[in-house]
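Just final.tsv here, TSV, C-alpha atoms:
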chain	number	residue	atom	x	y	z
V	27	MET	CA	-78.07	-110.95	-181.30
V	28	ILE	CA	-76.38	-112.60	-184.25
V	29	THR	CA	-75.35	-110.97	-187.52
V	30	VAL	CA	-77.26	-111.17	-190.78
V	31	ASP	CA	-74.64	-113.50	-192.27
V	32	GLN	CA	-74.80	-115.77	-189.23
V	33	ALA	CA	-78.59	-115.85	-189.39
V	34	ARG	CA	-78.57	-116.69	-193.11
V	35	THR	CA	-76.09	-119.52	-192.50
V	36	ALA	CA	-78.36	-120.87	-189.76
V	37	VAL	CA	-81.57	-120.80	-191.81
V	38	LEU	CA	-79.82	-122.42	-194.77
V	39	GLU	CA	-78.83	-125.30	-192.51
V	40	LEU	CA	-82.56	-125.86	-191.96
V	41	ALA	CA	-83.14	-126.26	-195.70
V	42	THR	CA	-82.35	-129.34	-197.78
V	43	GLN	CA	-82.60	-129.88	-201.51
V	44	LEU	CA	-85.88	-131.53	-202.45
V	45	PRO	CA	-86.24	-134.63	-204.65
V	46	CYS	CA	-87.11	-134.71	-208.34
V	47	GLU	CA	-90.45	-135.30	-209.94
V	48	THR	CA	-91.32	-135.69	-213.62
V	49	VAL	CA	-93.65	-133.23	-215.32
V	50	PRO	CA	-94.85	-132.90	-218.91
V	51	LEU	CA	-92.77	-130.53	-221.01
V	52	LYS	CA	-95.73	-128.15	-221.33
V	53	ASP	CA	-95.68	-127.67	-217.54
V	54	ALA	CA	-91.91	-127.32	-217.09
V	55	ALA	CA	-91.50	-123.57	-217.72
V	56	GLY	CA	-90.33	-121.81	-214.57
V	57	ARG	CA	-89.31	-125.07	-212.91
V	58	VAL	CA	-85.77	-126.08	-211.97
V	59	LEU	CA	-84.23	-128.92	-213.97
V	60	GLY	CA	-83.39	-131.50	-211.32
V	61	GLN	CA	-81.35	-133.95	-213.42
V	62	SER	CA	-79.29	-133.42	-216.55
V	63	VAL	CA	-81.04	-134.53	-219.73
V	64	ALA	CA	-79.57	-135.57	-223.08
V	65	ALA	CA	-80.70	-134.97	-226.65
V	66	ARG	CA	-82.37	-137.95	-228.30
V	67	ARG	CA	-81.73	-136.77	-231.86
V	68	ASN	CA	-79.48	-134.56	-233.94
V	69	GLN	CA	-80.58	-131.07	-234.88
V	70	PRO	CA	-80.83	-130.65	-237.73
V	71	PRO	CA	-81.19	-134.40	-238.37
V	72	PHE	CA	-79.77	-133.95	-241.89
V	73	HIS	CA	-77.81	-131.39	-243.87
V	74	ALA	CA	-80.44	-128.69	-244.37
V	75	SER	CA	-80.72	-125.68	-246.63
V	76	ALA	CA	-80.43	-122.36	-244.82
V	77	MET	CA	-81.93	-120.40	-247.70
V	78	ASP	CA	-84.36	-120.61	-250.60
V	79	GLY	CA	-82.40	-121.30	-253.76
V	80	TYR	CA	-80.88	-124.11	-255.81
V	81	ALA	CA	-78.75	-127.04	-254.59
V	82	MET	CA	-75.79	-128.08	-256.71
V	83	LYS	CA	-72.18	-129.26	-256.56
V	84	SER	CA	-69.77	-126.67	-255.13
V	85	THR	CA	-67.16	-127.56	-257.76
V	86	GLU	CA	-69.52	-126.27	-260.44
V	87	VAL	CA	-70.55	-123.05	-258.73
V	88	GLU	CA	-69.35	-119.98	-260.60
V	89	GLN	CA	-70.95	-116.93	-262.14
V	90	HIS	CA	-72.61	-117.53	-265.56
V	91	ALA	CA	-72.64	-121.33	-265.07
V	92	MET	CA	-75.86	-123.02	-266.31
V	93	PHE	CA	-77.75	-125.98	-264.85
V	94	LYS	CA	-80.79	-128.12	-265.55
V	95	VAL	CA	-83.35	-128.19	-262.74
V	96	ILE	CA	-84.33	-131.84	-262.14
V	97	GLY	CA	-86.59	-131.57	-259.12
V	98	GLU	CA	-87.58	-129.83	-255.92
V	99	ALA	CA	-86.91	-130.20	-252.18
V	100	ALA	CA	-89.07	-128.56	-249.53
V	101	ALA	CA	-89.23	-128.75	-245.73
V	102	GLY	CA	-90.68	-132.17	-244.93
V	103	HIS	CA	-90.30	-133.31	-248.54
V	104	ALA	CA	-86.82	-134.41	-249.60
V	105	PHE	CA	-85.73	-134.82	-253.22
V	106	ASP	CA	-85.62	-138.55	-253.93
V	107	GLY	CA	-82.65	-138.95	-256.25
V	108	THR	CA	-79.03	-138.06	-256.87
V	109	VAL	CA	-77.84	-134.86	-258.50
V	110	GLY	CA	-75.31	-135.26	-261.26
V	111	ALA	CA	-73.01	-132.92	-263.13
V	112	GLY	CA	-74.70	-129.85	-264.59
V	113	GLN	CA	-77.85	-130.49	-262.58
V	114	ALA	CA	-79.55	-128.59	-259.75
V	115	VAL	CA	-82.54	-128.99	-257.46
V	116	ARG	CA	-84.90	-126.19	-256.47
V	117	ILE	CA	-84.68	-126.10	-252.66
V	118	PHE	CA	-86.42	-124.24	-249.85
V	119	THR	CA	-85.28	-123.29	-246.37
V	120	GLY	CA	-85.22	-126.26	-244.00
V	121	ALA	CA	-85.31	-128.91	-246.73
V	122	PRO	CA	-82.80	-131.78	-246.73
V	123	VAL	CA	-79.90	-131.13	-249.08
V	124	PRO	CA	-80.11	-133.65	-251.99
V	125	GLU	CA	-77.50	-136.37	-252.33
V	126	GLY	CA	-74.67	-135.24	-254.58
V	127	THR	CA	-74.94	-131.54	-253.66
V	128	ASP	CA	-73.03	-129.46	-251.12
V	129	PHE	CA	-73.86	-125.85	-252.06
V	130	VAL	CA	-77.05	-123.79	-252.22
V	131	VAL	CA	-77.02	-120.73	-254.46
V	132	ILE	CA	-79.64	-118.29	-253.19
V	133	GLN	CA	-82.53	-117.57	-255.52
V	134	GLU	CA	-81.59	-113.87	-255.77
V	135	ASP	CA	-78.38	-114.88	-257.59
V	136	ILE	CA	-80.19	-117.06	-260.14
V	137	THR	CA	-81.95	-116.35	-263.44
V	138	ARG	CA	-84.37	-119.08	-264.55
V	139	SER	CA	-85.90	-119.89	-267.91
V	140	GLY	CA	-88.06	-122.99	-267.87
V	141	ASN	CA	-85.95	-125.79	-266.38
V	142	VAL	CA	-82.65	-124.02	-267.05
V	143	ILE	CA	-81.00	-121.73	-264.52
V	144	THR	CA	-78.01	-119.43	-264.79
V	145	ILE	CA	-75.94	-118.12	-261.89
V	146	SER	CA	-76.31	-114.48	-262.83
V	147	LYS	CA	-74.52	-112.91	-259.85
V	148	ASP	CA	-71.39	-113.70	-257.89
V	149	PRO	CA	-72.60	-116.49	-255.50
V	150	GLY	CA	-69.82	-115.93	-252.94
V	151	THR	CA	-68.25	-118.72	-250.93
V	152	LYS	CA	-70.87	-119.39	-248.25
V	153	ASN	CA	-72.58	-122.72	-248.98
V	154	ASN	CA	-75.86	-121.77	-247.20
V	155	ILE	CA	-76.16	-125.24	-245.64
V	156	ARG	CA	-76.76	-126.08	-241.99
V	157	ALA	CA	-74.69	-129.18	-241.27
V	158	LEU	CA	-76.23	-132.24	-239.61
V	159	GLY	CA	-76.06	-131.77	-235.83
V	160	CYS	CA	-74.72	-128.21	-236.00
V	161	ASP	CA	-77.21	-127.13	-233.30
V	162	PHE	CA	-76.85	-130.20	-231.09
V	163	SER	CA	-76.15	-133.91	-231.44
V	164	ILE	CA	-77.51	-137.06	-229.82
V	165	GLY	CA	-76.17	-137.22	-226.27
V	166	ASP	CA	-75.56	-133.47	-225.85
V	167	GLU	CA	-76.75	-132.47	-222.37
V	168	ILE	CA	-78.61	-129.68	-220.66
V	169	SER	CA	-77.00	-129.65	-217.24
V	170	ALA	CA	-78.88	-129.44	-213.95
V	171	PRO	CA	-79.70	-127.43	-211.95
V	172	ARG	CA	-81.16	-124.90	-214.37
V	173	LEU	CA	-84.14	-122.61	-214.09
V	174	LEU	CA	-86.07	-123.40	-217.26
V	175	GLY	CA	-87.07	-120.44	-219.38
V	176	ALA	CA	-88.87	-120.27	-222.71
V	177	SER	CA	-85.75	-120.94	-224.80
V	178	ASP	CA	-84.92	-123.96	-222.63
V	179	ILE	CA	-88.41	-125.37	-223.18
V	180	ALA	CA	-88.02	-124.95	-226.94
V	181	LEU	CA	-84.61	-126.65	-226.81
V	182	LEU	CA	-86.00	-129.59	-224.79
V	183	ALA	CA	-88.82	-129.98	-227.30
V	184	SER	CA	-86.33	-129.97	-230.17
V	185	MET	CA	-84.33	-132.66	-228.36
V	186	ASN	CA	-87.54	-134.74	-228.31
V	187	ILE	CA	-87.80	-134.69	-224.51
V	188	SER	CA	-91.49	-134.78	-223.61
V	189	ASP	CA	-91.18	-135.40	-219.85
V	190	VAL	CA	-88.80	-133.35	-217.73
V	191	PRO	CA	-87.20	-134.21	-214.35
V	192	VAL	CA	-87.63	-131.13	-212.17
V	193	THR	CA	-87.04	-130.45	-208.50
V	194	ARG	CA	-90.24	-130.57	-206.49
V	195	ARG	CA	-91.53	-127.15	-205.54
V	196	PRO	CA	-91.00	-126.37	-201.84
V	197	ILE	CA	-94.31	-126.23	-200.01
V	198	VAL	CA	-94.43	-123.21	-197.73
V	199	ALA	CA	-97.22	-122.67	-195.21
V	200	VAL	CA	-97.63	-118.99	-194.29
V	201	LEU	CA	-99.37	-118.19	-191.02
V	202	ALA	CA	-100.33	-114.64	-190.08
V	203	THR	CA	-101.12	-114.12	-186.41
V	204	GLY	CA	-102.94	-111.49	-184.39
V	205	ASP	CA	-106.38	-110.45	-183.17
V	206	GLU	CA	-105.95	-107.20	-185.05
V	207	LEU	CA	-105.93	-108.86	-188.50
V	208	VAL	CA	-108.69	-109.58	-191.00
V	209	SER	CA	-108.32	-110.87	-194.54
V	210	PRO	CA	-108.54	-108.56	-197.59
V	211	GLY	CA	-112.15	-108.05	-198.63
V	212	GLN	CA	-113.51	-108.35	-195.10
V	213	THR	CA	-114.73	-105.43	-193.02
V	214	PRO	CA	-112.27	-104.69	-190.21
V	215	GLY	CA	-113.46	-103.65	-186.79
V	216	PRO	CA	-112.48	-100.27	-185.32
V	217	ASP	CA	-109.30	-101.76	-183.83
V	218	GLN	CA	-108.32	-103.99	-186.75
V	219	ILE	CA	-106.21	-103.78	-189.90
V	220	ILE	CA	-106.00	-105.78	-193.12
V	221	ALA	CA	-103.52	-108.67	-193.22
V	222	SER	CA	-101.09	-107.67	-195.96
V	223	ASN	CA	-97.76	-109.29	-195.08
V	224	SER	CA	-98.80	-112.83	-195.96
V	225	TYR	CA	-99.89	-111.80	-199.46
V	226	GLY	CA	-96.64	-109.97	-200.18
V	227	ILE	CA	-94.58	-112.88	-198.85
V	228	LYS	CA	-96.63	-115.34	-200.91
V	229	ALA	CA	-95.92	-113.31	-204.04
V	230	MET	CA	-92.18	-113.09	-203.31
V	231	LEU	CA	-91.79	-116.81	-202.65
V	232	GLU	CA	-93.88	-117.87	-205.63
V	233	GLN	CA	-91.66	-115.75	-207.86
V	234	VAL	CA	-88.69	-117.92	-206.87
V	235	GLY	CA	-90.49	-121.24	-207.30
V	236	ALA	CA	-92.30	-122.07	-204.05
V	237	ASP	CA	-95.80	-123.50	-203.67
V	238	VAL	CA	-97.24	-121.18	-201.01
V	239	ARG	CA	-100.32	-121.97	-198.93
V	240	LEU	CA	-101.93	-119.25	-196.84
V	241	LEU	CA	-103.24	-120.62	-193.56
V	242	PRO	CA	-106.18	-119.04	-191.69
V	243	ILE	CA	-105.23	-116.12	-189.48
V	244	ALA	CA	-104.42	-117.37	-185.98
V	245	ARG	CA	-105.77	-115.48	-183.00
V	246	ASP	CA	-103.73	-114.48	-179.97
V	247	THR	CA	-104.24	-117.65	-177.98
V	248	ILE	CA	-102.06	-120.71	-177.62
V	249	ALA	CA	-105.01	-122.92	-178.60
V	250	SER	CA	-105.67	-121.02	-181.84
V	251	LEU	CA	-101.99	-121.04	-182.75
V	252	LYS	CA	-101.58	-124.77	-182.14
V	253	THR	CA	-104.72	-125.56	-184.14
V	254	THR	CA	-103.51	-123.47	-187.06
V	255	PHE	CA	-100.02	-124.97	-186.82
V	256	ASP	CA	-101.65	-128.36	-187.41
V	257	LEU	CA	-102.91	-127.09	-190.79
V	258	ALA	CA	-99.29	-126.75	-191.92
V	259	ALA	CA	-98.85	-130.54	-191.95
V	260	GLY	CA	-97.09	-131.65	-195.12
V	261	ALA	CA	-95.26	-128.36	-195.70
V	262	ASP	CA	-91.49	-128.15	-196.05
V	263	LEU	CA	-91.35	-124.78	-194.31
V	264	LEU	CA	-93.67	-122.99	-191.89
V	265	VAL	CA	-93.46	-119.19	-191.94
V	266	THR	CA	-95.21	-117.30	-189.17
V	267	ILE	CA	-95.77	-113.54	-189.23
V	268	GLY	CA	-95.90	-111.55	-186.03
V	269	GLY	CA	-96.20	-112.70	-182.46
V	270	ALA	CA	-92.55	-113.69	-182.10
V	271	SER	CA	-91.44	-110.80	-179.91
V	272	VAL	CA	-91.59	-110.66	-176.10
V	273	GLY	CA	-94.88	-108.89	-175.41
V	274	ASP	CA	-97.79	-110.39	-173.48
V	275	HIS	CA	-99.62	-111.09	-176.76
V	276	ASP	CA	-96.62	-112.48	-178.64
V	277	LEU	CA	-97.33	-116.18	-178.31
V	278	VAL	CA	-95.79	-117.76	-181.42
V	279	SER	CA	-92.62	-118.82	-179.64
V	280	SER	CA	-94.60	-120.36	-176.78
V	281	ALA	CA	-96.87	-122.32	-179.10
V	282	ALA	CA	-93.92	-123.49	-181.18
V	283	LEU	CA	-92.01	-124.61	-178.10
V	284	GLU	CA	-94.97	-126.78	-177.13
V	285	LEU	CA	-94.59	-128.41	-180.57
V	286	GLY	CA	-90.95	-129.17	-179.83
V	287	LEU	CA	-89.32	-126.20	-181.53
V	288	GLU	CA	-85.55	-126.51	-181.53
V	289	ARG	CA	-84.71	-122.85	-181.87
V	290	VAL	CA	-81.46	-122.00	-183.63
V	291	PHE	CA	-81.63	-118.24	-183.05
V	292	TYR	CA	-83.87	-115.37	-182.00
V	293	LYS	CA	-83.07	-111.74	-182.87
V	294	VAL	CA	-80.73	-110.51	-185.59
V	295	ALA	CA	-78.60	-107.36	-185.54
V	296	MET	CA	-80.44	-105.75	-188.43
V	297	ARG	CA	-83.05	-103.14	-189.18
V	298	PRO	CA	-85.73	-103.61	-190.14
V	299	GLY	CA	-86.23	-107.19	-188.93
V	300	LYS	CA	-84.61	-107.58	-185.52
V	301	PRO	CA	-87.22	-110.00	-183.96
V	302	LEU	CA	-86.54	-112.91	-186.32
V	303	LEU	CA	-86.93	-116.49	-185.11
V	304	ALA	CA	-85.81	-119.75	-186.75
V	305	GLY	CA	-85.69	-123.40	-185.81
V	306	ARG	CA	-87.11	-126.84	-186.47
V	307	LEU	CA	-90.31	-128.42	-185.12
V	308	THR	CA	-89.87	-131.91	-183.68
V	309	LYS	CA	-93.31	-133.10	-182.57
V	310	GLY	CA	-96.54	-134.30	-184.15
V	311	ALA	CA	-97.51	-133.71	-187.78
V	312	GLN	CA	-94.88	-130.97	-188.03
V	313	HIS	CA	-91.97	-133.25	-187.07
V	314	GLY	CA	-88.85	-132.22	-188.97
V	315	MET	CA	-90.43	-129.09	-190.48
V	316	ALA	CA	-88.29	-125.96	-190.68
V	317	MET	CA	-89.86	-122.86	-189.16
V	318	VAL	CA	-89.06	-119.16	-189.56
V	319	GLY	CA	-90.90	-116.57	-187.50
V	320	LEU	CA	-90.97	-113.19	-189.24
V	321	PRO	CA	-91.57	-109.81	-187.58
V	322	GLY	CA	-95.08	-108.39	-187.83
V	323	ASN	CA	-94.19	-105.02	-189.37
V	324	PRO	CA	-94.80	-105.25	-193.14
V	325	VAL	CA	-91.46	-103.87	-194.32
V	326	SER	CA	-89.56	-105.97	-191.77
V	327	SER	CA	-91.26	-109.18	-192.88
V	328	MET	CA	-90.64	-108.57	-196.57
V	329	VAL	CA	-87.00	-107.54	-196.10
V	330	CYS	CA	-86.45	-110.69	-194.03
V	331	THR	CA	-88.14	-112.73	-196.76
V	332	LYS	CA	-85.68	-111.33	-199.29
V	333	LEU	CA	-82.64	-111.94	-197.10
V	334	PHE	CA	-83.50	-115.31	-195.56
V	335	LEU	CA	-86.49	-117.09	-197.07
V	336	VAL	CA	-85.58	-116.58	-200.72
V	337	PRO	CA	-82.14	-118.20	-200.23
V	338	MET	CA	-83.83	-121.08	-198.38
V	339	ILE	CA	-86.21	-121.70	-201.29
V	340	ARG	CA	-83.34	-121.53	-203.79
V	341	LYS	CA	-81.38	-124.11	-201.78
V	342	MET	CA	-84.42	-126.42	-201.65
V	343	LEU	CA	-84.63	-126.15	-205.45
V	344	GLY	CA	-80.94	-126.94	-205.89
V	345	LEU	CA	-80.03	-123.41	-207.02
V	346	PRO	CA	-77.29	-121.23	-205.53
V	347	ALA	CA	-78.60	-120.01	-202.18
V	348	ASP	CA	-77.91	-116.32	-202.74
V	349	ILE	CA	-79.80	-113.07	-202.31
V	350	GLY	CA	-78.91	-111.74	-205.75
V	351	PRO	CA	-76.12	-109.49	-206.99
V	352	ILE	CA	-74.89	-106.62	-204.83
V	353	GLY	CA	-74.62	-103.44	-206.87
V	354	GLN	CA	-72.86	-100.15	-206.28
V	355	ALA	CA	-74.36	-96.73	-206.81
V	356	ARG	CA	-73.53	-93.10	-206.17
V	357	LEU	CA	-75.46	-91.36	-203.38
V	358	THR	CA	-77.61	-88.38	-204.32
V	359	CYS	CA	-77.66	-87.05	-200.75
V	360	ASP	CA	-75.80	-87.21	-197.44
V	361	ILE	CA	-76.62	-90.03	-195.00
V	362	ALA	CA	-75.79	-90.11	-191.30
V	363	ALA	CA	-73.63	-92.73	-189.60
V	364	ASN	CA	-75.25	-96.10	-188.91
V	365	GLY	CA	-75.65	-97.73	-185.51
V	366	PRO	CA	-75.07	-101.23	-184.08
V	367	ARG	CA	-77.38	-103.05	-186.49
V	368	GLU	CA	-76.98	-103.70	-190.22
V	369	HIS	CA	-79.47	-101.40	-191.93
V	370	TYR	CA	-81.35	-102.15	-195.15
V	371	MET	CA	-82.70	-98.77	-196.19
V	372	ARG	CA	-85.50	-98.52	-198.70
V	373	ALA	CA	-84.16	-96.62	-201.69
V	374	HIS	CA	-84.63	-95.90	-205.37
V	375	VAL	CA	-81.94	-96.52	-207.98
V	376	THR	CA	-81.92	-94.59	-211.25
V	377	TYR	CA	-79.19	-93.83	-213.78
V	378	ASP	CA	-77.19	-90.74	-214.58
V	379	GLY	CA	-76.11	-91.79	-218.04
V	380	ALA	CA	-74.52	-95.20	-217.43
V	381	THR	CA	-73.85	-94.53	-213.73
V	382	PRO	CA	-76.35	-95.88	-211.17
V	383	VAL	CA	-77.38	-93.34	-208.53
V	384	ILE	CA	-79.32	-94.11	-205.35
V	385	THR	CA	-81.69	-92.03	-203.25
V	386	PRO	CA	-82.81	-93.32	-199.83
V	387	SER	CA	-86.51	-93.01	-199.04
V	388	ASP	CA	-87.41	-90.07	-196.81
V	389	SER	CA	-88.90	-92.34	-194.15
V	390	GLN	CA	-87.48	-95.67	-193.04
V	391	ASP	CA	-90.41	-96.58	-190.76
V	392	SER	CA	-90.86	-100.36	-191.01
V	393	SER	CA	-94.66	-100.08	-191.13
V	394	LEU	CA	-94.85	-98.04	-194.35
V	395	LEU	CA	-95.82	-100.27	-197.28
V	396	ALA	CA	-96.33	-97.33	-199.66
V	397	THR	CA	-92.69	-96.36	-199.18
V	398	LEU	CA	-91.60	-99.94	-199.84
V	399	ALA	CA	-93.72	-100.10	-203.00
V	400	GLN	CA	-92.04	-96.95	-204.33
V	401	ALA	CA	-88.56	-98.35	-203.66
V	402	ASN	CA	-86.71	-100.67	-206.01
V	403	ALA	CA	-83.61	-101.32	-203.91
V	404	LEU	CA	-82.25	-101.75	-200.40
V	405	LEU	CA	-79.27	-99.57	-199.54
V	406	ILE	CA	-77.01	-101.77	-197.38
V	407	ARG	CA	-75.45	-100.11	-194.32
V	408	PRO	CA	-72.90	-102.23	-192.40
V	409	ILE	CA	-72.83	-102.15	-188.61
V	410	GLU	CA	-71.32	-98.85	-187.36
V	411	ASP	CA	-70.98	-97.61	-190.93
V	412	LEU	CA	-69.63	-94.06	-191.08
V	413	GLU	CA	-71.59	-91.15	-192.51
V	414	HIS	CA	-71.51	-90.77	-196.29
V	415	LYS	CA	-71.68	-87.64	-198.41
V	416	ALA	CA	-73.54	-87.18	-201.67
V	417	GLY	CA	-71.45	-88.56	-204.53
V	418	GLU	CA	-69.90	-91.37	-202.49
V	419	THR	CA	-70.43	-94.99	-203.54
V	420	VAL	CA	-72.55	-97.39	-201.48
V	421	ASN	CA	-73.77	-100.96	-201.90
V	422	TYR	CA	-77.35	-101.89	-202.71
V	423	LEU	CA	-79.52	-104.91	-203.35
V	424	TRP	CA	-82.32	-104.88	-205.92
V	425	PHE	CA	-85.71	-105.27	-204.30

What is this file in structure tokens?
Amino acid sequence: MITVDQARTAVLELATQLPCETVPLKDAAGRVLGQSVAARRNQPPFHASAMDGYAMKSTEVEQHAMFKVIGEAAAGHAFDGTVGAGQAVRIFTGAPVPEGTDFVVIQEDITRSGNVITISKDPGTKNNIRALGCDFSIGDEISAPRLLGASDIALLASMNISDVPVTRRPIVAVLATGDELVSPGQTPGPDQIIASNSYGIKAMLEQVGADVRLLPIARDTIASLKTTFDLAAGADLLVTIGGASVGDHDLVSSAALELGLERVFYKVAMRPGKPLLAGRLTKGAQHGMAMVGLPGNPVSSMVCTKLFLVPMIRKMLGLPADIGPIGQARLTCDIAANGPREHYMRAHVTYDGATPVITPSDSQDSSLLATLAQANALLIRPIEDLEHKAGETVNYLWF
């Protein structure tokens, strides 16, 4: 068996960054910017008022000074003229600052009678003007790669970028296998269960930017597996669930080998998730496609998705191929020594004031989805880790 780190290195070698495609700005949220883009205009494109008030010359601004109001400037409607000595222009937030002015006295500091205003309060020294290009200037870049959030979309729009170069979403084909499985909504036979793993894996991979396609459930025959494998044509990654162990009904490896699987490893020194398979298919419509065979137990498959598939998807998108930050928390109970496999224990992290504390789940059975759903973290136990007492610090990964 290889270690978790060795397995992650191996699966990442199967993944390559995908090319760019261009999408309309309205569809770019949640995508990864594939190429740096530059602003096509200044923002603001002129000196703009930051407040409602009166624009005038800074050299004339002092308390009790009087001015004649000669016009008005509003957002989208500039004052067409030049402001001279002793003159002011009524101005509103966002309006271009009139030529000849460089100070806006806020309206709360002004007393007005007809077209005459008086600075009735101390106006201070702040000119209340947003300088041309103070937000960004023509040529300023948003650097790639970058996962585009709502503020990024607003910034791109302000830069007048209507079409965005983004990395193509990785296409992942997910194939659940086993005579015991039926899809949600169907009526299972007395010896069957509902296929759940594929739906959880789909949700996890879509959250990090993949385009996930659920294939029909494959039955426990080589013919059924090979037929369903064919439906994965065009995917960047094939993920199988179950059937990759060594039992008489575990046929995924055999079917994949007939499709020219070049296996890079099988079995990882971890729990849950030991029977993990990875390689590349080399024949037929799947030629060149990366393949990862996940264990059939629900918790095992989802933990392996977090540790191996998520980094693969991130690499394909051009993002750092990591599993997320490793945190530290104080144990709330004693835990026994660990064995010869790295253990990812389902756990729950809360806070004692500002200090994170972690409680392992009572049961670590890899078939228990309810326990996984109640957990929000994986407590990481290194190989042959010693026992720990309550109050000691351990590492965890958010889940």

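Interatomic distance, CA of Gly215 in chain V against CA of Ala399 in chain V: 25.8 Å.
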
Report task. Considering all atoms listed in the file, return as an MDAnalysis selection string whatever protein or nucleic-acid residues lie within 10 Å of Ile164 in chain V, sequence-local ones (same chain, fewer than 3 positions apart) excluded. Result -> chainID V and resid 64:69 71 159 167 185

Name all residues at most 7 Å from range 252-259 of chain V (count all atoms listed in the file; drop same-chain ones fewer than 5 positions away) and give them as a PyMOL selection string. chain V and resi 199+242+244+264+281+311-312

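Taking only C-alpha atoms into account, Ala261 in chain V lies nearest to V:Arg195 out of the set V:Arg195, V:Arg297, V:Arg245, V:His103.
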
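Candidate residues V:Leu158, V:Leu357, V:Ile409, V:Ala249 were compared for distance to Ala295 in chain V, and the nearest is V:Ile409, using only C-alpha atoms.
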
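Residue nearest Asn186 in chain V within the list V:His73, V:Leu51, V:Leu412, V:Arg172: V:Leu51 [criterion: smallest interatomic distance, all atoms listed in the file].
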
Applying 6 Å and only C-alpha atoms, which residues near Ala304 in chain V remain after dropping the ones on its own chain fewer than 4 positions away? List them as a PyMOL selection string. chain V and resi 289-291+317-318

Separating CA of Val30 in chain V from CA of Glu368 in chain V, to the nearest tenth of an Å, is a gap of 7.5 Å

Which residues, written as a ChimeraX atom specification, have at least one atom at most 12 Å from Ala316 in chain V, with all atoms listed in the file counted and residues fewer than 4 positions away on the same chain left out? /V:36-42,196-199,258-266,282,286-290,303-309,312,335,338-339,342

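Counting all atoms listed in the file, the residue from V:Ile248, V:Leu395, V:Ala373, V:Ile227 that sits nearest to Lys332 in chain V is V:Ile227.
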
List every protein, DNA or RNA residue with an atom no more than 12 Å from (-95.3, -108.0, -190.4) in the file's coordinates, counting all atoms listed in the file, and format the result as a PyMOL selection string. chain V and resi 200-204+206-207+219-227+265-271+298-302+319-331+392-395

Completion step: range 81-91 of chain V with N, CA, C and O atoms as a compact mmCIF listing (two decimals), in the frame of the given file:
# COMPACT_ATOMS: atom_id res chain seq x y z
N ALA V 81 -79.83 -126.18 -255.10
CA ALA V 81 -78.75 -127.04 -254.59
C ALA V 81 -77.97 -127.61 -255.77
O ALA V 81 -78.57 -128.10 -256.75
N MET V 82 -76.64 -127.57 -255.64
CA MET V 82 -75.79 -128.08 -256.71
C MET V 82 -74.42 -128.44 -256.13
O MET V 82 -74.19 -128.32 -254.93
N LYS V 83 -73.52 -128.90 -256.99
CA LYS V 83 -72.18 -129.26 -256.56
C LYS V 83 -71.33 -127.99 -256.45
O LYS V 83 -71.33 -127.15 -257.36
N SER V 84 -70.58 -127.87 -255.34
CA SER V 84 -69.77 -126.67 -255.13
C SER V 84 -68.69 -126.51 -256.20
O SER V 84 -68.30 -125.39 -256.53
N THR V 85 -68.22 -127.63 -256.75
CA THR V 85 -67.16 -127.56 -257.76
C THR V 85 -67.65 -126.93 -259.05
O THR V 85 -66.84 -126.53 -259.90
N GLU V 86 -68.96 -126.83 -259.21
CA GLU V 86 -69.52 -126.27 -260.44
C GLU V 86 -70.06 -124.86 -260.25
O GLU V 86 -70.55 -124.24 -261.20
N VAL V 87 -69.96 -124.36 -259.03
CA VAL V 87 -70.55 -123.05 -258.73
C VAL V 87 -69.61 -121.94 -259.18
O VAL V 87 -68.50 -121.79 -258.65
N GLU V 88 -70.05 -121.19 -260.17
CA GLU V 88 -69.35 -119.98 -260.60
C GLU V 88 -70.33 -119.12 -261.39
O GLU V 88 -71.33 -119.61 -261.93
N GLN V 89 -70.05 -117.84 -261.44
CA GLN V 89 -70.95 -116.93 -262.14
C GLN V 89 -71.02 -117.29 -263.63
O GLN V 89 -70.02 -117.67 -264.23
N HIS V 90 -72.25 -117.23 -264.16
CA HIS V 90 -72.61 -117.53 -265.56
C HIS V 90 -72.74 -119.02 -265.83
O HIS V 90 -73.13 -119.40 -266.95
N ALA V 91 -72.46 -119.89 -264.85
CA ALA V 91 -72.64 -121.33 -265.07
C ALA V 91 -74.13 -121.62 -265.20
O ALA V 91 -74.99 -120.98 -264.58
